[in-house]
$ cat start_3.pdb   # PDB, C-alpha atoms and all ligand atoms
ATOM      1  CA  MET M  84      93.401  52.103  82.306  1.00  0.00           C
ATOM      2  CA  ASP M  85      92.836  55.786  81.643  1.00  0.00           C
ATOM      3  CA  GLU M  86      89.547  57.329  80.608  1.00  0.00           C
ATOM      4  CA  LEU M  87      90.390  57.293  76.913  1.00  0.00           C
ATOM      5  CA  GLY M  88      91.174  53.582  77.079  1.00  0.00           C
ATOM      6  CA  LEU M  89      87.777  52.890  78.668  1.00  0.00           C
ATOM      7  CA  ASN M  90      86.040  54.893  75.955  1.00  0.00           C
ATOM      8  CA  LYS M  91      87.825  52.900  73.275  1.00  0.00           C
ATOM      9  CA  LEU M  92      86.774  49.656  74.916  1.00  0.00           C
ATOM     10  CA  PHE M  93      83.173  50.861  75.123  1.00  0.00           C
ATOM     11  CA  ALA M  94      83.248  51.930  71.472  1.00  0.00           C
ATOM     12  CA  ALA M  95      84.604  48.536  70.486  1.00  0.00           C
ATOM     13  CA  PHE M  96      81.682  46.811  72.234  1.00  0.00           C
ATOM     14  CA  LEU M  97      79.232  49.148  70.588  1.00  0.00           C
ATOM     15  CA  VAL M  98      80.618  48.474  67.139  1.00  0.00           C
ATOM     16  CA  ALA M  99      80.681  44.746  67.751  1.00  0.00           C
ATOM     17  CA  GLY M 100      77.032  44.910  68.869  1.00  0.00           C
ATOM     18  CA  LEU M 101      76.004  46.914  65.843  1.00  0.00           C
ATOM     19  CA  LEU M 102      77.775  44.515  63.494  1.00  0.00           C
ATOM     20  CA  LEU M 103      76.023  41.558  65.133  1.00  0.00           C
ATOM     21  CA  MET M 104      72.602  43.181  64.746  1.00  0.00           C
ATOM     22  CA  THR M 105      73.261  44.077  61.130  1.00  0.00           C
ATOM     23  CA  GLY M 106      74.390  40.517  60.505  1.00  0.00           C
ATOM     24  CA  ILE M 107      71.182  39.065  61.930  1.00  0.00           C
ATOM     25  CA  LYS M 108      69.023  41.478  59.942  1.00  0.00           C
ATOM     26  CA  LEU M 109      71.006  40.681  56.798  1.00  0.00           C
ATOM     27  CA  ALA M 110      70.609  36.918  57.302  1.00  0.00           C
ATOM     28  CA  ASP M 111      66.879  37.473  57.729  1.00  0.00           C
ATOM     29  CA  VAL M 112      66.671  39.247  54.380  1.00  0.00           C
ATOM     30  CA  LEU M 113      68.960  36.833  52.532  1.00  0.00           C
ATOM     31  CA  VAL M 114      67.339  33.651  53.869  1.00  0.00           C
ATOM     32  CA  PRO M 115      63.623  34.353  53.952  1.00  0.00           C
ATOM     33  CA  HIS M 116      61.751  31.783  55.998  1.00  0.00           C
ATOM     34  CA  SER M 117      58.444  31.041  54.422  1.00  0.00           C
ATOM     35  CA  GLU M 118      55.447  30.336  56.577  1.00  0.00           C
ATOM     36  CA  LEU M 119      54.111  26.775  56.171  1.00  0.00           C
ATOM     37  CA  GLN M 120      50.853  26.737  54.309  1.00  0.00           C
ATOM     38  CA  GLN M 121      49.726  23.705  56.281  1.00  0.00           C
ATOM     39  CA  ASN M 122      50.857  21.812  59.341  1.00  0.00           C
ATOM     40  CA  ALA M 123      53.564  19.394  58.309  1.00  0.00           C
ATOM     41  CA  TYR M 124      51.770  16.661  60.226  1.00  0.00           C
ATOM     42  CA  VAL M 125      48.076  16.649  59.656  1.00  0.00           C
ATOM     43  CA  ILE M 126      46.272  15.323  62.709  1.00  0.00           C
ATOM     44  CA  GLU M 127      42.901  13.951  61.754  1.00  0.00           C
ATOM     45  CA  VAL M 128      40.225  15.009  64.168  1.00  0.00           C
ATOM     46  CA  PRO M 129      37.004  13.241  63.273  1.00  0.00           C
ATOM     47  CA  GLU M 130      33.886  15.309  63.292  1.00  0.00           C
ATOM     48  CA  GLY M 131      31.345  14.730  65.989  1.00  0.00           C
ATOM     49  CA  GLY M 132      33.471  15.486  69.005  1.00  0.00           C
ATOM     50  CA  SER M 133      36.169  13.551  70.800  1.00  0.00           C
ATOM     51  CA  ASP M 134      33.873  10.627  71.753  1.00  0.00           C
ATOM     52  CA  ALA M 135      33.872   9.395  68.176  1.00  0.00           C
ATOM     53  CA  ALA M 136      37.576   8.619  68.379  1.00  0.00           C
ATOM     54  CA  ALA M 137      37.439   6.905  71.780  1.00  0.00           C
ATOM     55  CA  PRO M 138      37.908   3.113  71.610  1.00  0.00           C
ATOM     56  CA  PRO M 139      34.758   1.143  72.410  1.00  0.00           C
ATOM     57  CA  VAL M 140      34.557   0.277  76.077  1.00  0.00           C
ATOM     58  CA  ASP M 141      33.747  -3.338  76.853  1.00  0.00           C
ATOM     59  CA  LYS M 142      30.705  -2.969  79.027  1.00  0.00           C
ATOM     60  CA  GLY M 143      30.114  -6.711  79.290  1.00  0.00           C
ATOM     61  CA  PRO M 144      26.956  -8.512  78.264  1.00  0.00           C
ATOM     62  CA  GLU M 145      23.713  -6.565  78.072  1.00  0.00           C
ATOM     63  CA  PRO M 146      21.322  -7.034  80.997  1.00  0.00           C
ATOM     64  CA  ILE M 147      18.433  -9.433  80.347  1.00  0.00           C
ATOM     65  CA  LEU M 148      16.490  -9.561  83.624  1.00  0.00           C
ATOM     66  CA  ALA M 149      13.819  -7.204  82.323  1.00  0.00           C
ATOM     67  CA  MET M 150      13.332  -9.486  79.288  1.00  0.00           C
ATOM     68  CA  LEU M 151      12.683 -12.678  81.253  1.00  0.00           C
ATOM     69  CA  ALA M 152       8.978 -12.166  81.941  1.00  0.00           C
ATOM     70  CA  SER M 153       8.232 -12.116  78.209  1.00  0.00           C
ATOM     71  CA  ALA M 154      11.050 -14.428  77.059  1.00  0.00           C
ATOM     72  CA  ASP M 155      10.224 -17.419  74.882  1.00  0.00           C
ATOM     73  CA  ALA M 156      11.083 -20.715  76.601  1.00  0.00           C
ATOM     74  CA  VAL M 157      10.158 -22.680  73.464  1.00  0.00           C
ATOM     75  CA  ALA M 158      12.755 -20.727  71.486  1.00  0.00           C
ATOM     76  CA  GLY M 159      15.105 -21.420  74.404  1.00  0.00           C
ATOM     77  CA  GLU M 160      14.490 -25.161  74.063  1.00  0.00           C
ATOM     78  CA  LYS M 161      15.506 -24.917  70.398  1.00  0.00           C
ATOM     79  CA  LEU M 162      18.668 -23.046  71.373  1.00  0.00           C
ATOM     80  CA  ALA M 163      19.423 -25.833  73.837  1.00  0.00           C
ATOM     81  CA  LYS M 164      20.419 -27.917  70.793  1.00  0.00           C
ATOM     82  CA  LYS M 165      23.712 -26.072  71.133  1.00  0.00           C
ATOM     83  CA  CYS M 166      24.118 -27.518  74.611  1.00  0.00           C
ATOM     84  CA  VAL M 167      22.824 -31.102  74.410  1.00  0.00           C
ATOM     85  CA  ALA M 168      26.129 -32.537  73.206  1.00  0.00           C
ATOM     86  CA  CYS M 169      27.340 -31.837  76.732  1.00  0.00           C
ATOM     87  CA  HIS M 170      24.281 -31.340  78.952  1.00  0.00           C
ATOM     88  CA  VAL M 171      21.061 -33.106  79.871  1.00  0.00           C
ATOM     89  CA  PHE M 172      18.258 -30.732  80.916  1.00  0.00           C
ATOM     90  CA  ASP M 173      15.686 -33.322  82.045  1.00  0.00           C
ATOM     91  CA  SER M 174      14.673 -34.330  85.527  1.00  0.00           C
ATOM     92  CA  GLY M 175      17.035 -37.007  86.830  1.00  0.00           C
ATOM     93  CA  GLY M 176      19.348 -36.477  83.829  1.00  0.00           C
ATOM     94  CA  ALA M 177      22.918 -37.714  84.091  1.00  0.00           C
ATOM     95  CA  ASN M 178      26.115 -35.746  83.857  1.00  0.00           C
ATOM     96  CA  LYS M 179      27.762 -35.918  80.448  1.00  0.00           C
ATOM     97  CA  VAL M 180      30.697 -33.786  79.279  1.00  0.00           C
ATOM     98  CA  GLY M 181      28.990 -31.100  81.361  1.00  0.00           C
ATOM     99  CA  PRO M 182      26.924 -31.425  84.541  1.00  0.00           C
ATOM    100  CA  ALA M 183      23.190 -32.205  84.566  1.00  0.00           C
ATOM    101  CA  LEU M 184      21.179 -28.975  84.439  1.00  0.00           C
ATOM    102  CA  TRP M 185      17.766 -29.857  85.955  1.00  0.00           C
ATOM    103  CA  ASN M 186      16.960 -27.328  88.707  1.00  0.00           C
ATOM    104  CA  ILE M 187      19.972 -25.182  87.797  1.00  0.00           C
ATOM    105  CA  VAL M 188      18.379 -21.730  88.370  1.00  0.00           C
ATOM    106  CA  ASN M 189      19.295 -20.462  91.870  1.00  0.00           C
ATOM    107  CA  THR M 190      21.306 -23.611  92.640  1.00  0.00           C
ATOM    108  CA  ASP M 191      24.844 -23.043  93.938  1.00  0.00           C
ATOM    109  CA  LYS M 192      27.539 -23.184  91.317  1.00  0.00           C
ATOM    110  CA  GLY M 193      29.430 -26.421  90.898  1.00  0.00           C
ATOM    111  CA  VAL M 194      27.318 -28.757  93.042  1.00  0.00           C
ATOM    112  CA  ALA M 195      26.036 -31.426  90.610  1.00  0.00           C
ATOM    113  CA  ASP M 196      26.599 -34.811  92.273  1.00  0.00           C
ATOM    114  CA  GLY M 197      29.531 -36.736  90.901  1.00  0.00           C
ATOM    115  CA  PHE M 198      30.657 -34.129  88.368  1.00  0.00           C
ATOM    116  CA  ALA M 199      34.349 -33.223  88.239  1.00  0.00           C
ATOM    117  CA  TYR M 200      34.245 -29.437  87.907  1.00  0.00           C
ATOM    118  CA  SER M 201      37.192 -27.282  86.984  1.00  0.00           C
ATOM    119  CA  LYS M 202      38.877 -25.651  89.967  1.00  0.00           C
ATOM    120  CA  ALA M 203      37.840 -22.277  88.523  1.00  0.00           C
ATOM    121  CA  LEU M 204      34.125 -23.078  88.606  1.00  0.00           C
ATOM    122  CA  ALA M 205      34.200 -25.134  91.813  1.00  0.00           C
ATOM    123  CA  GLU M 206      35.783 -22.218  93.687  1.00  0.00           C
ATOM    124  CA  PHE M 207      33.902 -19.374  92.006  1.00  0.00           C
ATOM    125  CA  GLY M 208      31.158 -19.175  94.592  1.00  0.00           C
ATOM    126  CA  GLY M 209      27.584 -17.919  94.539  1.00  0.00           C
ATOM    127  CA  ALA M 210      24.435 -19.329  92.994  1.00  0.00           C
ATOM    128  CA  TRP M 211      23.280 -19.519  89.391  1.00  0.00           C
ATOM    129  CA  ASP M 212      20.832 -16.661  89.671  1.00  0.00           C
ATOM    130  CA  TYR M 213      19.519 -15.069  86.490  1.00  0.00           C
ATOM    131  CA  ALA M 214      22.223 -12.407  86.362  1.00  0.00           C
ATOM    132  CA  ALA M 215      25.040 -14.955  86.799  1.00  0.00           C
ATOM    133  CA  LEU M 216      23.551 -17.195  84.095  1.00  0.00           C
ATOM    134  CA  ASN M 217      23.354 -14.193  81.767  1.00  0.00           C
ATOM    135  CA  LEU M 218      27.039 -13.397  82.257  1.00  0.00           C
ATOM    136  CA  PHE M 219      28.123 -17.034  81.962  1.00  0.00           C
ATOM    137  CA  LEU M 220      26.060 -17.852  78.882  1.00  0.00           C
ATOM    138  CA  ALA M 221      27.187 -14.680  77.100  1.00  0.00           C
ATOM    139  CA  LYS M 222      30.832 -15.754  77.259  1.00  0.00           C
ATOM    140  CA  PRO M 223      31.627 -18.560  79.714  1.00  0.00           C
ATOM    141  CA  LYS M 224      35.379 -17.963  79.812  1.00  0.00           C
ATOM    142  CA  ALA M 225      35.004 -14.234  80.311  1.00  0.00           C
ATOM    143  CA  TYR M 226      32.811 -14.764  83.384  1.00  0.00           C
ATOM    144  CA  ILE M 227      34.712 -17.716  84.870  1.00  0.00           C
ATOM    145  CA  SER M 228      38.231 -17.584  83.560  1.00  0.00           C
ATOM    146  CA  GLY M 229      39.520 -21.165  83.528  1.00  0.00           C
ATOM    147  CA  THR M 230      36.149 -22.915  83.165  1.00  0.00           C
ATOM    148  CA  LYS M 231      36.274 -26.109  81.136  1.00  0.00           C
ATOM    149  CA  MET M 232      32.964 -25.373  79.411  1.00  0.00           C
ATOM    150  CA  ASN M 233      34.097 -25.019  75.810  1.00  0.00           C
ATOM    151  CA  PHE M 234      31.292 -22.944  74.446  1.00  0.00           C
ATOM    152  CA  ALA M 235      31.710 -19.580  72.745  1.00  0.00           C
ATOM    153  CA  GLY M 236      28.531 -18.094  74.203  1.00  0.00           C
ATOM    154  CA  LEU M 237      25.162 -16.721  73.142  1.00  0.00           C
ATOM    155  CA  LYS M 238      25.821 -13.231  71.788  1.00  0.00           C
ATOM    156  CA  LYS M 239      22.242 -12.034  71.421  1.00  0.00           C
ATOM    157  CA  PRO M 240      20.550 -10.827  74.605  1.00  0.00           C
ATOM    158  CA  GLN M 241      17.202 -12.218  73.401  1.00  0.00           C
ATOM    159  CA  ASP M 242      18.767 -15.670  72.929  1.00  0.00           C
ATOM    160  CA  ARG M 243      20.152 -15.612  76.458  1.00  0.00           C
ATOM    161  CA  ALA M 244      16.800 -14.519  77.854  1.00  0.00           C
ATOM    162  CA  ASN M 245      15.024 -17.331  75.968  1.00  0.00           C
ATOM    163  CA  MET M 246      17.639 -19.880  77.028  1.00  0.00           C
ATOM    164  CA  ILE M 247      17.359 -18.839  80.671  1.00  0.00           C
ATOM    165  CA  ALA M 248      13.540 -18.919  80.456  1.00  0.00           C
ATOM    166  CA  TYR M 249      13.882 -22.537  79.322  1.00  0.00           C
ATOM    167  CA  LEU M 250      16.351 -23.351  82.120  1.00  0.00           C
ATOM    168  CA  ARG M 251      13.877 -21.829  84.577  1.00  0.00           C
ATOM    169  CA  GLN M 252      11.193 -24.271  83.395  1.00  0.00           C
ATOM    170  CA  GLN M 253      13.486 -27.282  83.697  1.00  0.00           C
ATOM    171  CA  ALA M 254      12.918 -27.453  87.433  1.00  0.00           C
ATOM    172  CA  ASP M 255      10.681 -29.041  90.056  1.00  0.00           C
ATOM    173  CA  ALA M 256       9.304 -25.563  90.751  1.00  0.00           C
ATOM    174  CA  PRO M 257      10.257 -22.662  88.434  1.00  0.00           C
ATOM    175  CA  ALA M 258      12.072 -19.885  90.318  1.00  0.00           C
ATOM    176  CA  ALA M 259      10.290 -16.555  90.798  1.00  0.00           C
ATOM    177  CA  LEU M 260      10.840 -14.047  88.017  1.00  0.00           C
ATOM    178  CA  PRO M 261      13.187 -11.185  88.923  1.00  0.00           C
ATOM    179  CA  SER M 262      11.659  -8.356  90.944  1.00  0.00           C
ATOM    180  CA  GLU M 263      11.671  -4.700  89.871  1.00  0.00           C
ATOM    181  CA  THR M 264      14.456  -4.088  92.400  1.00  0.00           C
ATOM    182  CA  GLU M 265      16.603  -6.884  90.965  1.00  0.00           C
ATOM    183  CA  ILE M 266      16.012  -5.613  87.434  1.00  0.00           C
ATOM    184  CA  ALA M 267      17.045  -2.099  88.431  1.00  0.00           C
ATOM    185  CA  ALA M 268      20.133  -3.383  90.235  1.00  0.00           C
ATOM    186  CA  GLU M 269      21.229  -5.405  87.197  1.00  0.00           C
ATOM    187  CA  SER M 270      21.038  -2.529  84.749  1.00  0.00           C
ATOM    188  CA  GLY M 271      22.732  -0.265  87.270  1.00  0.00           C
ATOM    189  CA  SER M 272      19.915   2.293  87.264  1.00  0.00           C
TER
HETATM  190  C1  LIG M 301      31.328 -28.574  74.746  1.00  0.00           C
HETATM  191  C2  LIG M 301      30.525 -28.952  75.866  1.00  0.00           C
HETATM  192  C3  LIG M 301      29.568 -27.927  76.424  1.00  0.00           C
HETATM  193  C4  LIG M 301      28.616 -27.179  75.761  1.00  0.00           C
HETATM  194  C5  LIG M 301      28.329 -27.136  74.257  1.00  0.00           C
HETATM  195  C6  LIG M 301      27.910 -26.447  76.780  1.00  0.00           C
HETATM  196  N1  LIG M 301      28.422 -26.709  78.011  1.00  0.00           N
HETATM  197 FE1  LIG M 301      27.769 -25.971  79.792  1.00  0.00          FE
HETATM  198  N2  LIG M 301      29.267 -26.922  80.754  1.00  0.00           N
HETATM  199  C7  LIG M 301      30.191 -27.761  80.149  1.00  0.00           C
HETATM  200  C8  LIG M 301      31.176 -28.155  81.141  1.00  0.00           C
HETATM  201  C9  LIG M 301      32.374 -29.064  80.896  1.00  0.00           C
HETATM  202  C10 LIG M 301      30.799 -27.525  82.347  1.00  0.00           C
HETATM  203  C11 LIG M 301      31.560 -27.560  83.649  1.00  0.00           C
HETATM  204  C12 LIG M 301      32.533 -26.377  83.585  1.00  0.00           C
HETATM  205  C13 LIG M 301      33.603 -26.351  84.640  1.00  0.00           C
HETATM  206  O1  LIG M 301      33.667 -27.232  85.498  1.00  0.00           O
HETATM  207  O2  LIG M 301      34.384 -25.380  84.571  1.00  0.00           O
HETATM  208  C14 LIG M 301      29.589 -26.758  82.060  1.00  0.00           C
HETATM  209  C15 LIG M 301      28.903 -26.011  83.011  1.00  0.00           C
HETATM  210  C16 LIG M 301      27.699 -25.385  82.767  1.00  0.00           C
HETATM  211  C17 LIG M 301      26.917 -24.719  83.783  1.00  0.00           C
HETATM  212  C18 LIG M 301      27.240 -24.641  85.259  1.00  0.00           C
HETATM  213  C19 LIG M 301      26.615 -25.838  85.930  1.00  0.00           C
HETATM  214  C20 LIG M 301      26.942 -26.022  87.400  1.00  0.00           C
HETATM  215  O3  LIG M 301      26.568 -27.081  87.913  1.00  0.00           O
HETATM  216  O4  LIG M 301      27.552 -25.141  88.029  1.00  0.00           O
HETATM  217  C21 LIG M 301      25.807 -24.224  83.152  1.00  0.00           C
HETATM  218  C22 LIG M 301      24.673 -23.429  83.780  1.00  0.00           C
HETATM  219  C23 LIG M 301      25.920 -24.569  81.751  1.00  0.00           C
HETATM  220  N3  LIG M 301      27.083 -25.261  81.557  1.00  0.00           N
HETATM  221  C24 LIG M 301      24.977 -24.250  80.801  1.00  0.00           C
HETATM  222  C25 LIG M 301      25.139 -24.484  79.441  1.00  0.00           C
HETATM  223  C26 LIG M 301      24.199 -24.088  78.425  1.00  0.00           C
HETATM  224  C27 LIG M 301      22.863 -23.420  78.700  1.00  0.00           C
HETATM  225  C28 LIG M 301      24.746 -24.432  77.215  1.00  0.00           C
HETATM  226  C29 LIG M 301      24.197 -24.169  75.829  1.00  0.00           C
HETATM  227  C30 LIG M 301      23.824 -22.825  75.508  1.00  0.00           C
HETATM  228  C31 LIG M 301      26.002 -25.079  77.487  1.00  0.00           C
HETATM  229  N4  LIG M 301      26.225 -25.101  78.835  1.00  0.00           N
HETATM  230  C32 LIG M 301      26.850 -25.597  76.519  1.00  0.00           C
HETATM  231  C33 LIG M 301      30.206 -28.159  78.847  1.00  0.00           C
HETATM  232  C34 LIG M 301      29.436 -27.600  77.839  1.00  0.00           C
END

$ encode --input "start_3.pdb" --output "structure tokens"
Amino acid sequence: MDELGLNKLFAAFLVAGLLLMTGIKLADVLVPHSELQQNAYVIEVPEGGSDAAAPPVDKGPEPILAMLASADAVAGEKLAKKCVACHVFDSGGANKVGPALWNIVNTDKGVADGFAYSKALAEFGGAWDYAALNLFLAKPKAYISGTKMNFAGLKKPQDRANMIAYLRQQADAPAALPSETEIAAESGS
């Protein structure tokens, strides 16, 4: 190709480029794109920071060890009406639908003579210390999944404290109240 031919080719590219640019500019003028006044999707962000939107975290039952010293065992005895269909709390009481509960505080789990425990409870391990009773009585099936104790639970921390204060009295010798160290360990502080 001679020099003139190359120039023609170059000119052709130039013209093509210019036409393209004019075309784009023209399209811009003919089809004006309007800015959106608002976001098409409005995302609600509640006031008060991001925490407000976070789902509630299930922290488990509230600690009650610190409440035991001043808990009301008489109120606990009244609450025990919820249990007596299945449990006897007295000394020498027999097993019913549920095991006898005399001396239950600090006794190993699942050891009442002659009671047929669920596998879940029998194999759970540990003693019925105050903290374990708190967890169990708040929601039995949440603490021991598979237990055959059909009881929804005592939602109010004060009720559980009173109930446990009553259980503590239903014993040959009431167990010691929780120490400061145990109270601190339970509330995780
Ligand atoms: C509908 C019957 C029923 C009711 C109501 C009930 N329980 Fe129970 N409870 C049971 C059964 C059954 C078991 C044995 C669970 C297993 O083997 O999984 C049990 C087990 C227990 C244990 C463990 C005993 C052990 O020897 O390890 C405790 C403590 C207890 N119940 C306390 C209570 C208290 C306190 C209440 C009332 C607030 C209550 N229960 C209400 C049926 C009941």

$ residues_around --input "start_3.pdb" --residues "M:Asn189" --least-positions-apart "4" --cutoff "6 Å" --atoms "all atoms listed in the file" --output "PyMOL selection string"
chain M and resi 210-212

$ write_last_selection --input "start_3.pdb" --atoms "C-alpha atoms" --output "compact mmCIF listing (two decimals), keeping the file's coordinate frame"
# COMPACT_ATOMS: atom_id res chain seq x y z
CA ALA M 210 24.44 -19.33 92.99
CA TRP M 211 23.28 -19.52 89.39
CA ASP M 212 20.83 -16.66 89.67

$ closest_atom_pairs --input "start_3.pdb" --of "chain M" --to "ligand LIG 301 (chain M)" --cutoff "6 Å" --atoms "only C-alpha atoms and all ligand atoms" --output "tab-separated table"
residue	atom	partner	partner_atom	distance
M:Ala163	CA	M:LIG301	C29	5.4
M:Lys165	CA	M:LIG301	C29	5.1
M:Cys166	CA	M:LIG301	C29	3.6
M:Ala168	CA	M:LIG301	C5	5.9
M:Cys169	CA	M:LIG301	C2	4.4
M:Val180	CA	M:LIG301	C9	5.3
M:Gly181	CA	M:LIG301	C8	3.7
M:Pro182	CA	M:LIG301	O3	5.5
M:Lys192	CA	M:LIG301	O4	3.8
M:Gly193	CA	M:LIG301	O4	3.7
M:Val194	CA	M:LIG301	O3	5.4
M:Ala195	CA	M:LIG301	O3	5.1
M:Tyr200	CA	M:LIG301	O1	3.3
M:Ser201	CA	M:LIG301	O1	3.8
M:Leu204	CA	M:LIG301	O2	4.7
M:Thr230	CA	M:LIG301	O2	3.3
M:Lys231	CA	M:LIG301	O2	4.0
M:Met232	CA	M:LIG301	C8	3.7
M:Asn233	CA	M:LIG301	C1	4.6
M:Phe234	CA	M:LIG301	C5	5.1

$ atom_distance --input "start_3.pdb" --atom1 "atom CA of M:Leu237" --atom2 "atom CA of M:Phe172"
17.4 Å

$ resolve_selection --input "start_3.pdb" --expression "the PyMOL selection byres (((chain M and resi 226) around 10) and not hetatm)" --output "count of residues only"
19

$ resolve_selection --input "start_3.pdb" --expression "the PyMOL selection byres (((chain M and resi 175) around 12) and not hetatm)" --output "PyMOL selection string"
chain M and resi 171-174+176-178+182-186+195-196+253-255

$ atom_distance --input "start_3.pdb" --atom1 "atom CA of M:Ala158" --atom2 "atom CA of M:Pro240"
13.0 Å

$ atom_distance --input "start_3.pdb" --atom1 "atom CA of M:Pro257" --atom2 "atom CA of M:His170"
19.0 Å

$ closest_residue --input "start_3.pdb" --among "M:Lys202, M:Ala235, M:Ala149, M:Met246" --to "M:Lys164" --atoms "all atoms listed in the file"
M:Met246

$ resolve_selection --input "start_3.pdb" --expression "the PyMOL selection byres (((chain M and resi 157) around 9) and not hetatm)" --output "JSON, numbers by chain"
{"M": [155, 156, 158, 159, 160, 161, 162, 245, 246, 248, 249]}

$ write_last_selection --input "start_3.pdb" --atoms "C-alpha atoms" --output "PDB file, keeping the file's coordinate frame"
ATOM      1  CA  ASP M 155      10.224 -17.419  74.882  1.00  0.00           C
ATOM      2  CA  ALA M 156      11.083 -20.715  76.601  1.00  0.00           C
ATOM      3  CA  ALA M 158      12.755 -20.727  71.486  1.00  0.00           C
ATOM      4  CA  GLY M 159      15.105 -21.420  74.404  1.00  0.00           C
ATOM      5  CA  GLU M 160      14.490 -25.161  74.063  1.00  0.00           C
ATOM      6  CA  LYS M 161      15.506 -24.917  70.398  1.00  0.00           C
ATOM      7  CA  LEU M 162      18.668 -23.046  71.373  1.00  0.00           C
ATOM      8  CA  ASN M 245      15.024 -17.331  75.968  1.00  0.00           C
ATOM      9  CA  MET M 246      17.639 -19.880  77.028  1.00  0.00           C
ATOM     10  CA  ALA M 248      13.540 -18.919  80.456  1.00  0.00           C
ATOM     11  CA  TYR M 249      13.882 -22.537  79.322  1.00  0.00           C
TER      12      TYR M 249
END

$ axis_aligned_box --input "start_3.pdb" --around "stretch 155-170 of chain M" --padding-each-side "3 Å" --output "AutoDock Vina command-line options"
--center_x 18.7 --center_y -25.0 --center_z 74.7 --size_x 23.2 --size_y 21.1 --size_z 14.6

$ residues_around --input "start_3.pdb" --residues "M:Lys239" --least-positions-apart "4" --cutoff "9 Å" --atoms "all atoms listed in the file" --output "list in words"
Glu145, Ala221, Arg243 and Ala244 of chain M

$ residues_around --input "start_3.pdb" --residues "M:Ala214" --least-positions-apart "5" --cutoff "8 Å" --atoms "all atoms listed in the file" --output "NGL selection string"
:M and (146-148 or 269)
